[in-house]
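Asker: File follows, target.pdb with PDB, C-alpha atoms:
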```pdb
ATOM      1  CA  MET A   1       0.000   0.000   0.000
ATOM      2  CA  ARG A   2       2.825   2.383   0.924
ATOM      3  CA  ARG A   3       4.490   1.592  -2.414
ATOM      4  CA  MET A   4       1.229   2.434  -4.206
ATOM      5  CA  LEU A   5       0.944   5.782  -2.435
ATOM      6  CA  LEU A   6       4.546   6.581  -3.295
ATOM      7  CA  PHE A   7       3.814   5.751  -6.935
ATOM      8  CA  LEU A   8       0.764   8.054  -6.904
ATOM      9  CA  VAL A   9       2.729  10.949  -5.392
ATOM     10  CA  LEU A  10       5.537  10.541  -7.939
ATOM     11  CA  THR A  11       3.074  10.374 -10.832
ATOM     12  CA  VAL A  12       1.300  13.588  -9.800
ATOM     13  CA  ALA A  13       4.603  15.371  -9.156
ATOM     14  CA  GLY A  14       5.918  14.269 -12.529
ATOM     15  CA  MET A  15       2.838  15.524 -14.386
ATOM     16  CA  GLY A  16       3.137  18.910 -12.671
ATOM     17  CA  ILE A  17       6.829  19.361 -13.329
ATOM     18  CA  TYR A  18       6.833  18.537 -17.044
ATOM     19  CA  PRO A  19       4.859  21.540 -18.308
ATOM     20  CA  ILE A  20       6.839  23.913 -16.062
ATOM     21  CA  LYS A  21      10.062  22.595 -17.582
ATOM     22  CA  ALA A  22       8.517  23.040 -21.035
ATOM     23  CA  ALA A  23       7.638  26.665 -20.267
ATOM     24  CA  GLU A  24      11.182  27.381 -19.077
ATOM     25  CA  HIS A  25      12.455  26.270 -22.444
ATOM     26  CA  VAL A  26      11.745  29.678 -23.997
ATOM     27  CA  ASP A  27      15.361  30.692 -24.562
ATOM     28  CA  ALA A  28      17.323  32.812 -26.989
ATOM     29  CA  GLY A  29      17.306  30.025 -29.585
ATOM     30  CA  SER A  30      13.535  29.761 -29.630
ATOM     31  CA  THR A  31      13.238  33.567 -29.803
ATOM     32  CA  GLU A  32      15.347  33.557 -32.967
ATOM     33  CA  LYS A  33      13.222  30.695 -34.348
ATOM     34  CA  THR A  34      10.074  32.713 -33.608
ATOM     35  CA  LYS A  35      11.517  35.796 -35.332
ATOM     36  CA  ASN A  36      12.318  33.742 -38.423
ATOM     37  CA  GLU A  37       8.770  32.321 -38.450
ATOM     38  CA  ILE A  38       7.285  35.825 -38.236
ATOM     39  CA  LEU A  39       9.518  37.203 -40.995
ATOM     40  CA  LYS A  40       8.345  34.316 -43.180
ATOM     41  CA  VAL A  41       4.673  35.087 -42.407
ATOM     42  CA  GLU A  42       5.271  38.803 -43.120
ATOM     43  CA  ASP A  43       6.799  37.891 -46.493
ATOM     44  CA  GLU A  44       3.756  35.687 -47.235
ATOM     45  CA  LEU A  45       1.511  38.581 -46.226
ATOM     46  CA  ILE A  46       3.255  41.061 -48.529
ATOM     47  CA  GLN A  47       3.089  38.576 -51.418
ATOM     48  CA  ALA A  48      -0.595  37.862 -50.714
ATOM     49  CA  ILE A  49      -1.414  41.601 -50.668
ATOM     50  CA  SER A  50       0.397  42.197 -53.954
ATOM     51  CA  LYS A  51      -1.351  39.212 -55.583
ATOM     52  CA  ASP A  52      -4.734  39.816 -53.882
ATOM     53  CA  ASP A  53      -4.531  36.209 -52.623
ATOM     54  CA  ALA A  54      -7.720  36.057 -50.538
ATOM     55  CA  ASN A  55      -7.089  32.538 -49.184
ATOM     56  CA  THR A  56      -3.672  33.402 -47.727
ATOM     57  CA  LEU A  57      -4.923  36.722 -46.356
ATOM     58  CA  ASP A  58      -7.889  34.981 -44.745
ATOM     59  CA  ARG A  59      -5.498  32.497 -43.107
ATOM     60  CA  ILE A  60      -3.092  35.156 -41.765
ATOM     61  CA  PHE A  61      -5.615  37.799 -40.629
ATOM     62  CA  ALA A  62      -7.379  37.026 -37.335
ATOM     63  CA  ASP A  63     -11.155  37.185 -37.684
ATOM     64  CA  GLU A  64     -11.289  40.013 -35.124
ATOM     65  CA  ILE A  65      -8.260  41.881 -36.500
ATOM     66  CA  VAL A  66      -7.783  45.481 -35.300
ATOM     67  CA  TRP A  67      -6.684  47.478 -38.370
ATOM     68  CA  LEU A  68      -5.903  51.169 -37.791
ATOM     69  CA  THR A  69      -5.394  53.062 -41.064
ATOM     70  CA  SER A  70      -3.081  56.054 -41.467
ATOM     71  CA  THR A  71      -6.225  58.235 -41.680
ATOM     72  CA  GLY A  72      -7.308  57.117 -38.213
ATOM     73  CA  GLN A  73     -10.076  54.650 -39.064
ATOM     74  CA  PHE A  74     -10.551  51.172 -37.616
ATOM     75  CA  LEU A  75     -11.398  48.618 -40.326
ATOM     76  CA  THR A  76     -12.854  45.120 -39.987
ATOM     77  CA  LYS A  77     -11.297  42.098 -41.670
ATOM     78  CA  ALA A  78     -13.925  42.265 -44.441
ATOM     79  CA  GLU A  79     -13.157  45.950 -45.066
ATOM     80  CA  VAL A  80      -9.395  45.303 -45.189
ATOM     81  CA  LEU A  81      -9.899  42.457 -47.679
ATOM     82  CA  ALA A  82     -12.178  44.683 -49.786
ATOM     83  CA  ASN A  83      -9.517  47.452 -49.822
ATOM     84  CA  ILE A  84      -6.889  44.971 -50.965
ATOM     85  CA  HIS A  85      -9.231  43.676 -53.651
ATOM     86  CA  SER A  86      -9.873  47.241 -54.905
ATOM     87  CA  ARG A  87      -6.096  47.984 -54.698
ATOM     88  CA  ASN A  88      -6.564  50.733 -52.097
ATOM     89  CA  LEU A  89      -3.237  49.891 -50.453
ATOM     90  CA  THR A  90      -2.161  53.124 -48.750
ATOM     91  CA  GLY A  91      -0.426  52.330 -45.438
ATOM     92  CA  PHE A  92      -0.323  48.569 -46.051
ATOM     93  CA  PRO A  93       2.730  46.566 -44.923
ATOM     94  CA  ILE A  94       5.477  46.416 -47.512
ATOM     95  CA  LYS A  95       8.927  44.875 -47.648
ATOM     96  CA  SER A  96      11.179  46.867 -45.342
ATOM     97  CA  ASP A  97      14.761  46.532 -44.163
ATOM     98  CA  GLU A  98      14.087  48.522 -41.003
ATOM     99  CA  LYS A  99      12.213  45.849 -39.053
ATOM    100  CA  GLU A 100      12.452  45.477 -35.294
ATOM    101  CA  LEU A 101      10.822  42.439 -33.674
ATOM    102  CA  HIS A 102       9.869  42.143 -30.000
ATOM    103  CA  VAL A 103       8.991  38.613 -28.853
ATOM    104  CA  TYR A 104       6.749  37.848 -25.856
ATOM    105  CA  GLY A 105       6.284  34.072 -26.011
ATOM    106  CA  ASP A 106       3.468  33.480 -28.480
ATOM    107  CA  THR A 107       3.030  37.199 -29.210
ATOM    108  CA  VAL A 108       5.332  39.187 -31.495
ATOM    109  CA  VAL A 109       5.283  42.921 -32.261
ATOM    110  CA  VAL A 110       6.923  44.026 -35.520
ATOM    111  CA  TYR A 111       7.918  47.671 -35.968
ATOM    112  CA  SER A 112       8.756  48.912 -39.453
ATOM    113  CA  LYS A 113       8.741  51.970 -41.685
ATOM    114  CA  THR A 114       7.266  52.085 -45.151
ATOM    115  CA  ALA A 115       8.577  53.865 -48.189
ATOM    116  CA  ASN A 116       5.836  52.606 -50.478
ATOM    117  CA  LYS A 117       6.447  53.824 -54.032
ATOM    118  CA  SER A 118       2.829  54.940 -54.320
ATOM    119  CA  GLU A 119       3.033  56.940 -51.094
ATOM    120  CA  THR A 120       4.744  60.311 -50.833
ATOM    121  CA  GLU A 121       4.792  60.326 -47.042
ATOM    122  CA  PRO A 122       6.686  57.645 -45.099
ATOM    123  CA  ARG A 123       4.712  55.782 -42.448
ATOM    124  CA  THR A 124       5.579  54.034 -39.226
ATOM    125  CA  ILE A 125       3.933  50.610 -38.914
ATOM    126  CA  THR A 126       3.136  48.374 -35.935
ATOM    127  CA  ASP A 127       2.055  44.763 -36.598
ATOM    128  CA  VAL A 128       1.068  42.367 -33.803
ATOM    129  CA  PHE A 129       1.066  38.606 -34.356
ATOM    130  CA  VAL A 130      -0.313  35.941 -31.992
ATOM    131  CA  LYS A 131       0.197  32.187 -32.351
ATOM    132  CA  ARG A 132      -3.151  30.397 -32.202
ATOM    133  CA  ASP A 133      -3.618  26.671 -32.780
ATOM    134  CA  GLY A 134      -0.030  26.506 -34.021
ATOM    135  CA  LYS A 135      -0.479  29.273 -36.620
ATOM    136  CA  TRP A 136       0.660  32.913 -36.524
ATOM    137  CA  LYS A 137      -2.213  35.367 -36.978
ATOM    138  CA  LEU A 138      -2.052  39.123 -37.508
ATOM    139  CA  VAL A 139      -4.281  40.514 -34.738
ATOM    140  CA  ALA A 140      -3.447  44.242 -34.948
ATOM    141  CA  HIS A 141      -1.985  46.639 -37.505
ATOM    142  CA  GLY A 142      -1.410  50.366 -37.151
ATOM    143  CA  ALA A 143      -0.023  52.910 -39.629
ATOM    144  CA  THR A 144       0.872  56.541 -38.906
ATOM    145  CA  VAL A 145       2.266  59.169 -41.274
ATOM    146  CA  ILE A 146       5.624  60.447 -39.998
ATOM    147  CA  ALA A 147       5.373  64.203 -39.504
ATOM    148  CA  GLN A 148       8.081  66.084 -41.400
TER     149      GLN A 148
ATOM    150  CA  MET B   1      -7.735  -3.182  -5.599
ATOM    151  CA  VAL B   2      -4.734  -2.704  -7.872
ATOM    152  CA  ARG B   3      -6.969  -1.947 -10.865
ATOM    153  CA  ARG B   4      -8.943   0.631  -8.878
ATOM    154  CA  PHE B   5      -5.691   2.220  -7.753
ATOM    155  CA  LEU B   6      -4.365   2.417 -11.306
ATOM    156  CA  ILE B   7      -7.592   4.053 -12.529
ATOM    157  CA  LEU B   8      -7.383   6.593  -9.688
ATOM    158  CA  SER B   9      -3.728   7.361 -10.518
ATOM    159  CA  PHE B  10      -4.610   7.838 -14.180
ATOM    160  CA  LEU B  11      -7.490  10.207 -13.408
ATOM    161  CA  VAL B  12      -5.412  12.315 -11.006
ATOM    162  CA  ALA B  13      -2.548  12.534 -13.501
ATOM    163  CA  ALA B  14      -4.894  13.425 -16.384
ATOM    164  CA  SER B  15      -6.542  16.144 -14.342
ATOM    165  CA  CYS B  16      -3.131  17.644 -13.415
ATOM    166  CA  TRP B  17      -2.091  17.543 -17.078
ATOM    167  CA  VAL B  18      -5.217  19.341 -18.313
ATOM    168  CA  SER B  19      -5.155  22.045 -15.647
ATOM    169  CA  SER B  20      -1.443  22.777 -16.103
ATOM    170  CA  GLY B  21      -1.944  22.918 -19.861
ATOM    171  CA  ASN B  22      -4.715  25.472 -19.482
ATOM    172  CA  LEU B  23      -2.555  27.633 -17.248
ATOM    173  CA  LEU B  24       0.434  27.515 -19.545
ATOM    174  CA  PHE B  25      -1.142  27.887 -22.925
ATOM    175  CA  GLY B  26      -3.936  30.282 -22.015
ATOM    176  CA  GLN B  27      -6.817  28.275 -23.477
ATOM    177  CA  ASN B  28      -9.954  30.202 -22.749
ATOM    178  CA  ASP B  29     -13.663  30.269 -23.390
ATOM    179  CA  ALA B  30     -16.250  33.041 -23.505
ATOM    180  CA  SER B  31     -16.548  33.303 -19.710
ATOM    181  CA  SER B  32     -12.805  33.514 -19.245
ATOM    182  CA  ASP B  33     -12.657  36.120 -22.039
ATOM    183  CA  GLU B  34     -14.954  38.291 -19.922
ATOM    184  CA  ALA B  35     -12.746  37.704 -16.858
ATOM    185  CA  ILE B  36      -9.672  38.659 -18.917
ATOM    186  CA  LYS B  37     -11.375  41.855 -20.139
ATOM    187  CA  LYS B  38     -12.105  42.853 -16.534
ATOM    188  CA  GLU B  39      -8.475  42.232 -15.529
ATOM    189  CA  VAL B  40      -7.136  44.294 -18.434
ATOM    190  CA  LEU B  41      -9.615  47.144 -17.902
ATOM    191  CA  LYS B  42      -8.457  47.336 -14.295
ATOM    192  CA  VAL B  43      -4.822  47.643 -15.431
ATOM    193  CA  GLU B  44      -5.790  50.176 -18.126
ATOM    194  CA  ASP B  45      -7.537  52.329 -15.488
ATOM    195  CA  GLU B  46      -4.521  52.004 -13.163
ATOM    196  CA  ARG B  47      -2.309  53.082 -16.056
ATOM    197  CA  ILE B  48      -4.315  56.257 -16.706
ATOM    198  CA  GLN B  49      -4.333  57.017 -12.996
ATOM    199  CA  SER B  50      -0.561  56.497 -12.844
ATOM    200  CA  HIS B  51      -0.142  59.238 -15.472
ATOM    201  CA  GLN B  52      -2.328  61.681 -13.573
ATOM    202  CA  GLN B  53      -0.517  60.949 -10.301
ATOM    203  CA  ARG B  54       2.905  60.675 -11.994
ATOM    204  CA  ASP B  55       3.350  57.355 -10.175
ATOM    205  CA  ARG B  56       6.662  56.000 -11.461
ATOM    206  CA  ALA B  57       6.373  52.665  -9.590
ATOM    207  CA  ALA B  58       2.977  51.909 -11.156
ATOM    208  CA  MET B  59       4.213  52.867 -14.632
ATOM    209  CA  GLU B  60       7.340  50.712 -14.216
ATOM    210  CA  ARG B  61       5.069  47.778 -13.334
ATOM    211  CA  ILE B  62       2.492  48.291 -16.099
ATOM    212  CA  TYR B  63       4.790  49.123 -19.033
ATOM    213  CA  ALA B  64       6.970  46.323 -20.456
ATOM    214  CA  ASP B  65      10.698  47.078 -20.376
ATOM    215  CA  ASP B  66      10.898  47.095 -24.174
ATOM    216  CA  LEU B  67       7.721  49.160 -24.647
ATOM    217  CA  ILE B  68       7.440  51.147 -27.869
ATOM    218  CA  TRP B  69       5.019  54.101 -27.770
ATOM    219  CA  THR B  70       4.086  55.447 -31.212
ATOM    220  CA  PHE B  71       2.895  59.053 -31.108
ATOM    221  CA  PRO B  72       0.339  60.472 -33.619
ATOM    222  CA  THR B  73       3.338  62.240 -35.211
ATOM    223  CA  GLY B  74       4.863  58.842 -36.085
ATOM    224  CA  GLU B  75       7.626  59.343 -33.512
ATOM    225  CA  ARG B  76       8.548  56.205 -31.547
ATOM    226  CA  LEU B  77       9.492  56.375 -27.898
ATOM    227  CA  THR B  78      11.126  53.829 -25.593
ATOM    228  CA  LYS B  79       9.871  53.196 -22.062
ATOM    229  CA  ALA B  80      12.528  55.512 -20.572
ATOM    230  CA  GLN B  81      11.650  58.310 -23.011
ATOM    231  CA  PHE B  82       7.923  57.919 -22.430
ATOM    232  CA  LEU B  83       8.236  57.841 -18.632
ATOM    233  CA  ASP B  84      10.403  60.967 -18.804
ATOM    234  CA  ILE B  85       7.631  62.738 -20.759
ATOM    235  CA  ILE B  86       4.928  61.802 -18.268
ATOM    236  CA  LEU B  87       6.938  62.264 -15.075
ATOM    237  CA  ASN B  88       8.256  65.659 -16.190
ATOM    238  CA  GLU B  89       4.858  66.827 -17.499
ATOM    239  CA  LYS B  90       6.031  67.267 -21.086
ATOM    240  CA  LEU B  91       2.659  65.913 -22.288
ATOM    241  CA  LYS B  92      -0.346  67.943 -21.164
ATOM    242  CA  PRO B  93      -3.983  67.292 -22.082
ATOM    243  CA  TYR B  94      -5.960  70.536 -22.306
ATOM    244  CA  VAL B  95      -9.255  72.086 -23.320
ATOM    245  CA  VAL B  96      -9.947  75.580 -24.660
ATOM    246  CA  SER B  97     -12.707  77.353 -22.787
ATOM    247  CA  ASP B  98     -13.613  80.992 -23.563
ATOM    248  CA  GLY B  99     -10.427  81.219 -25.612
ATOM    249  CA  VAL B 100      -8.268  80.125 -22.669
ATOM    250  CA  GLN B 101      -6.281  76.860 -22.440
ATOM    251  CA  LYS B 102      -7.166  74.873 -19.340
ATOM    252  CA  PRO B 103      -5.647  71.580 -18.123
ATOM    253  CA  VAL B 104      -7.759  68.402 -18.309
ATOM    254  CA  THR B 105      -8.246  66.547 -15.055
ATOM    255  CA  THR B 106     -10.525  63.716 -16.275
ATOM    256  CA  ILE B 107      -9.815  61.532 -19.291
ATOM    257  CA  ASN B 108     -12.951  60.296 -21.053
ATOM    258  CA  GLN B 109     -12.716  56.688 -22.261
ATOM    259  CA  VAL B 110     -14.527  57.140 -25.584
ATOM    260  CA  ASP B 111     -15.533  54.125 -27.696
ATOM    261  CA  ARG B 112     -13.314  51.700 -25.769
ATOM    262  CA  LYS B 113     -13.295  48.117 -27.076
ATOM    263  CA  LEU B 114     -11.310  45.034 -26.094
ATOM    264  CA  TYR B 115     -10.285  42.088 -28.251
ATOM    265  CA  VAL B 116      -9.001  38.960 -26.503
ATOM    266  CA  PHE B 117      -6.520  36.624 -28.207
ATOM    267  CA  GLY B 118      -5.579  34.175 -25.429
ATOM    268  CA  THR B 119      -3.039  35.958 -23.234
ATOM    269  CA  THR B 120      -2.870  38.976 -25.552
ATOM    270  CA  VAL B 121      -5.483  41.730 -25.437
ATOM    271  CA  VAL B 122      -5.891  44.679 -27.809
ATOM    272  CA  VAL B 123      -7.664  47.757 -26.399
ATOM    273  CA  THR B 124      -8.938  50.314 -28.925
ATOM    274  CA  ARG B 125     -10.108  53.855 -28.226
ATOM    275  CA  PHE B 126     -11.020  57.219 -29.724
ATOM    276  CA  ALA B 127      -9.241  60.172 -28.091
ATOM    277  CA  PRO B 128     -10.928  63.521 -28.801
ATOM    278  CA  MET B 129      -8.778  65.516 -26.363
ATOM    279  CA  MET B 130      -6.105  68.025 -27.299
ATOM    280  CA  GLU B 131      -2.571  67.597 -25.977
ATOM    281  CA  LEU B 132       0.562  69.705 -25.821
ATOM    282  CA  TYR B 133       3.853  67.870 -26.280
ATOM    283  CA  ASN B 134       6.834  69.982 -25.238
ATOM    284  CA  GLY B 135       4.570  72.994 -25.599
ATOM    285  CA  LYS B 136       3.423  72.143 -29.154
ATOM    286  CA  PRO B 137      -0.061  70.800 -29.986
ATOM    287  CA  LEU B 138      -0.246  67.146 -31.065
ATOM    288  CA  PRO B 139      -2.592  66.194 -33.938
ATOM    289  CA  HIS B 140      -6.109  65.484 -32.700
ATOM    290  CA  PRO B 141      -8.548  63.817 -32.530
ATOM    291  CA  ARG B 142      -6.875  60.439 -32.816
ATOM    292  CA  ARG B 143      -7.528  56.737 -32.574
ATOM    293  CA  PHE B 144      -5.151  54.294 -30.970
ATOM    294  CA  PHE B 145      -4.644  50.758 -29.738
ATOM    295  CA  ASN B 146      -2.845  49.406 -26.696
ATOM    296  CA  VAL B 147      -1.592  45.819 -26.644
ATOM    297  CA  TYR B 148      -1.381  43.997 -23.325
ATOM    298  CA  VAL B 149       0.416  40.658 -22.870
ATOM    299  CA  LYS B 150       0.245  38.506 -19.741
ATOM    300  CA  GLN B 151       3.791  37.775 -18.592
ATOM    301  CA  ASP B 152       4.680  35.972 -15.351
ATOM    302  CA  GLY B 153       1.046  36.333 -14.246
ATOM    303  CA  LYS B 154       0.939  40.122 -14.834
ATOM    304  CA  TRP B 155      -0.651  42.139 -17.642
ATOM    305  CA  GLN B 156       1.856  44.512 -19.229
ATOM    306  CA  LEU B 157       1.400  47.071 -21.973
ATOM    307  CA  VAL B 158       3.911  46.167 -24.704
ATOM    308  CA  THR B 159       2.952  48.624 -27.438
ATOM    309  CA  HIS B 160       0.800  51.707 -28.094
ATOM    310  CA  HIS B 161       0.045  52.927 -31.613
ATOM    311  CA  SER B 162      -1.725  56.228 -32.231
ATOM    312  CA  THR B 163      -2.921  57.839 -35.484
ATOM    313  CA  PRO B 164      -4.585  61.221 -36.092
ATOM    314  CA  VAL B 165      -8.080  61.090 -37.580
ATOM    315  CA  ALA B 166      -8.031  62.749 -41.010
ATOM    316  CA  GLU B 167     -10.588  65.529 -41.525
ATOM    317  CA  LYS B 168     -12.471  63.649 -44.247
ATOM    318  CA  SER B 169     -12.442  60.444 -42.242
ATOM    319  CA  PRO B 170     -15.803  59.368 -40.731
TER     320      PRO B 170
END
```
Would you give me this structure, written as structure tokens?

Answerer:
Amino acid sequence: MRRMLLFLVLTVAGMGIYPIKAAEHVDAGSTEKTKNEILKVEDELIQAISKDDANTLDRIFADEIVWLTSTGQFLTKAEVLANIHSRNLTGFPIKSDEKELHVYGDTVVVYSKTANKSETEPRTITDVFVKRDGKWKLVAHGATVIAQ
Amino acid sequence: MVRRFLILSFLVAASCWVSSGNLLFGQNDASSDEAIKKEVLKVEDERIQSHQQRDRAAMERIYADDLIWTFPTGERLTKAQFLDIILNEKLKPYVVSDGVQKPVTTINQVDRKLYVFGTTVVVTRFAPMMELYNGKPLPHPRRFFNVYVKQDGKWQLVTHHSTPVAEKSP
């Protein structure tokens, strides 16, 4: 009986410890891996916008995405997709070399600046990604014209 | 006896596994979404109060160390720069009454909405108030979002993004 109780205690302790160890495993290596994953998703996003690829955009945009345009409007996912479809792309993410990524576990904030050829005024961009069900989703996007 | 014991061990272990998984990976349902919104609103109110009271300790706790604060001018500030602005009163909300500038003592939370994505919450708002930054007026009105992330059991604001509302914008 004592052996059985010991077994039970060890089993419970073991089940509790494993996830804690797993959580501690968020180290510099996994941060770099996360950054690479996000850069890949951002590239997919830019490609999808340029090609008006609705399936990819639907996969990357969260259903409740918060999209703040550079004219100060909040758009829904349907409105963002409609703008892309009608090629109204002012303030949209573009390929940029000035990206800064901040990683918080399964949340990543990407800061960038645009110099979109069709835009005369440069914009500062904030994109927020969250990993849900193993997939990175864009949950918030903000664009602001940089005052000269 | 042995079989009953094994079943009991399995059930206890399974229950520990599920509950620890929920805690770690932030799985949540509608009711917990509401609980999360209440937690974040409390922190958001504490944050606004910390500005009014210039409470450095509260701001240090609420703002993530690598906070980026994007002004409606497109300027980006670090946590140290932003705290310096608030603590040294370089950012002043004001109203104009009878042609005279007067300081604002109450901040209206206009059109505030919260969006929950597990342990990440986006708060959106409309800010009609006028503000002076280093003595110069900032563009207004504006819309902005704040992003909170739960880290080590605490909600922290990791980014703020603000954009002026264009005149023709609805």

Asker: Check which residues satisfy the PyMOL selection byres ((chain B and resi 45-52) around 10) in the file shown, then give them as a VMD selection string.

Answerer: chain B and resid 40 to 44 53 to 63 83 86 to 87 89 91 104 to 107 109 157

Asker: If I take atom CA of Ser30 of chain A and atom CA of Gly105 of chain A, how far is one from the other in Å, to one decimal?

Answerer: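 Going from atom CA of Ser30 of chain A over to atom CA of Gly105 of chain A covers 9.2 Å.
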
Asker: Excluding same-chain residues fewer than 5 positions from Val145 of chain A, what lies within 7 Å of it counting only C-alpha atoms, as a list in words?

Answerer: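 Neighbouring residues, sequence-local ones excluded: Ser70, Glu121, Pro122, Arg123 and Thr124 of chain A; Thr73 and Gly74 of chain B.
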
Asker: Evaluate the PyMOL selection byres ((chain A and resi 67) around 6) against this structure - the residues, as a list of chain:residue names, please.

Answerer: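 Listing what the PyMOL selection byres ((chain A and resi 67) around 6) selects in the shown file: A:Val66, A:Leu68, A:Phe74, A:Leu75, A:Ala140, A:His141.
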
Asker: Residue by residue, what does the PyMOL selection byres ((chain A and resi 99) around 10) grab here? Present the result as an mmCIF file with C-alpha atoms, keeping the file's coordinate frame.

Answerer:
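Output contents, as saved in expr30.cif:
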```
data_model
loop_
_atom_site.group_PDB
_atom_site.id
_atom_site.type_symbol
_atom_site.label_atom_id
_atom_site.label_comp_id
_atom_site.auth_asym_id
_atom_site.auth_seq_id
_atom_site.Cartn_x
_atom_site.Cartn_y
_atom_site.Cartn_z
ATOM 1 C CA LEU A 39 9.518 37.203 -40.995
ATOM 2 C CA LYS A 95 8.927 44.875 -47.648
ATOM 3 C CA SER A 96 11.179 46.867 -45.342
ATOM 4 C CA ASP A 97 14.761 46.532 -44.163
ATOM 5 C CA GLU A 98 14.087 48.522 -41.003
ATOM 6 C CA GLU A 100 12.452 45.477 -35.294
ATOM 7 C CA LEU A 101 10.822 42.439 -33.674
ATOM 8 C CA VAL A 110 6.923 44.026 -35.520
ATOM 9 C CA TYR A 111 7.918 47.671 -35.968
ATOM 10 C CA SER A 112 8.756 48.912 -39.453
ATOM 11 C CA LYS A 113 8.741 51.970 -41.685
ATOM 12 C CA ILE A 125 3.933 50.610 -38.914
ATOM 13 C CA THR A 126 3.136 48.374 -35.935
#
```

Asker: For atom CA of Ala62 of chain A and atom CA of Ser86 of chain A, determine how far apart the two atoms are, in Å to one decimal place.

Answerer: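 Value for the atom CA of Ala62 of chain A-atom CA of Ser86 of chain A distance: 20.5 Å.
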
Asker: To one decimal place in Å, what is the distance between atom CA of Leu138 of chain A and atom CA of Glu39 of chain B?

Answerer: 23.1 Å

Asker: From the set A:Val108, A:Gly72, A:Glu79, A:Asp27, which residue has the shortest atom-to-atom contact distance to chain B, counting only C-alpha atoms?

Answerer: A:Gly72

Asker: Env of Arg132 of chain A: 10 Å cut, atoms = all atoms listed in the file, seq-sep filter 2 positions within chain, self excluded. Answer as number ranges by chain.

Answerer: A: 62, 106-107, 129-130, 134-137; B: 25, 27, 117-118

Asker: Taking only C-alpha atoms into account, name the residue in A:Thr69, A:Val128, A:Val139, A:Asn83 that is nearest to Phe144 of chain B.

Answerer: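 Under the stated criterion, the closest residue is A:Thr69.
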
Asker: If you take every atom of segment 139-156 of chain B that the file lists and fit an axis-aligned box around them with 8 Å extra on each side, what centre and edge lengths come out in Å to one decimal, as AutoDock Vina command-line options?

Answerer:
```
--center_x -1.9 --center_y 51.1 --center_z -24.1 --size_x 29.2 --size_y 46.2 --size_z 35.7
```

Asker: Counting all atoms listed in the file, figure out which residue out of B:Ile85, B:Val116, B:Val110, B:Met129 gets nearest to chain A.

Answerer: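 Between B:Ile85, B:Val116, B:Val110, B:Met129, the residue approaching chain A most closely is B:Val116.
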
Asker: Go through B:Asp152, B:Asp111, B:Asp84, B:Asp66 one by one, measure the shortest atom-to-atom distance of each to chain A using all atoms listed in the file, and give the residue with the smallest value.

Answerer: B:Asp66

Asker: Go ahead and find all residues with at least one atom no further than 8 Å from (-0.9, 48.0, -30.1) in the file's coordinates, using all atoms listed in the file; report them as an MDAnalysis selection string.

Answerer: (chainID A and resid 126:128 140:142) or (chainID B and resid 122:123 144:148 158:161)

Asker: Next, write the just-selected residues to a file, as a PDB file, in the frame of the given file, keeping C-alpha atoms as the atom set.

Answerer:
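Done, and the output landed in again.pdb:
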```
ATOM      1  CA  THR A 126       3.136  48.374 -35.935  1.00  0.00           C
ATOM      2  CA  ASP A 127       2.055  44.763 -36.598  1.00  0.00           C
ATOM      3  CA  VAL A 128       1.068  42.367 -33.803  1.00  0.00           C
ATOM      4  CA  ALA A 140      -3.447  44.242 -34.948  1.00  0.00           C
ATOM      5  CA  HIS A 141      -1.985  46.639 -37.505  1.00  0.00           C
ATOM      6  CA  GLY A 142      -1.410  50.366 -37.151  1.00  0.00           C
TER       7      GLY A 142
ATOM      8  CA  VAL B 122      -5.891  44.679 -27.809  1.00  0.00           C
ATOM      9  CA  VAL B 123      -7.664  47.757 -26.399  1.00  0.00           C
ATOM     10  CA  PHE B 144      -5.151  54.294 -30.970  1.00  0.00           C
ATOM     11  CA  PHE B 145      -4.644  50.758 -29.738  1.00  0.00           C
ATOM     12  CA  ASN B 146      -2.845  49.406 -26.696  1.00  0.00           C
ATOM     13  CA  VAL B 147      -1.592  45.819 -26.644  1.00  0.00           C
ATOM     14  CA  TYR B 148      -1.381  43.997 -23.325  1.00  0.00           C
ATOM     15  CA  VAL B 158       3.911  46.167 -24.704  1.00  0.00           C
ATOM     16  CA  THR B 159       2.952  48.624 -27.438  1.00  0.00           C
ATOM     17  CA  HIS B 160       0.800  51.707 -28.094  1.00  0.00           C
ATOM     18  CA  HIS B 161       0.045  52.927 -31.613  1.00  0.00           C
TER      19      HIS B 161
END
```

Asker: Mind rebuilding segment 108-114 of chain A with N, CA and C atoms and writing that out as a short mmCIF file (atom, residue, chain, number, x, y, z; two decimals), in the frame of the given file?

Answerer:
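What follows is the written file rebuild13.cif:
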```cif
data_model
loop_
_atom_site.label_atom_id
_atom_site.label_comp_id
_atom_site.auth_asym_id
_atom_site.auth_seq_id
_atom_site.Cartn_x
_atom_site.Cartn_y
_atom_site.Cartn_z
N VAL A 108 4.19 38.47 -30.92
CA VAL A 108 5.33 39.19 -31.50
C VAL A 108 4.85 40.53 -32.05
N VAL A 109 5.58 41.60 -31.71
CA VAL A 109 5.28 42.92 -32.26
C VAL A 109 6.38 43.28 -33.26
N VAL A 110 5.97 43.66 -34.46
CA VAL A 110 6.92 44.03 -35.52
C VAL A 110 6.78 45.52 -35.80
N TYR A 111 7.90 46.24 -35.67
CA TYR A 111 7.92 47.67 -35.97
C TYR A 111 8.66 47.87 -37.29
N SER A 112 8.08 48.66 -38.17
CA SER A 112 8.76 48.91 -39.45
C SER A 112 8.37 50.29 -39.98
N LYS A 113 9.08 50.71 -41.02
CA LYS A 113 8.74 51.97 -41.68
C LYS A 113 8.51 51.67 -43.15
N THR A 114 7.52 52.33 -43.73
CA THR A 114 7.27 52.08 -45.15
C THR A 114 7.86 53.21 -45.99
#
```
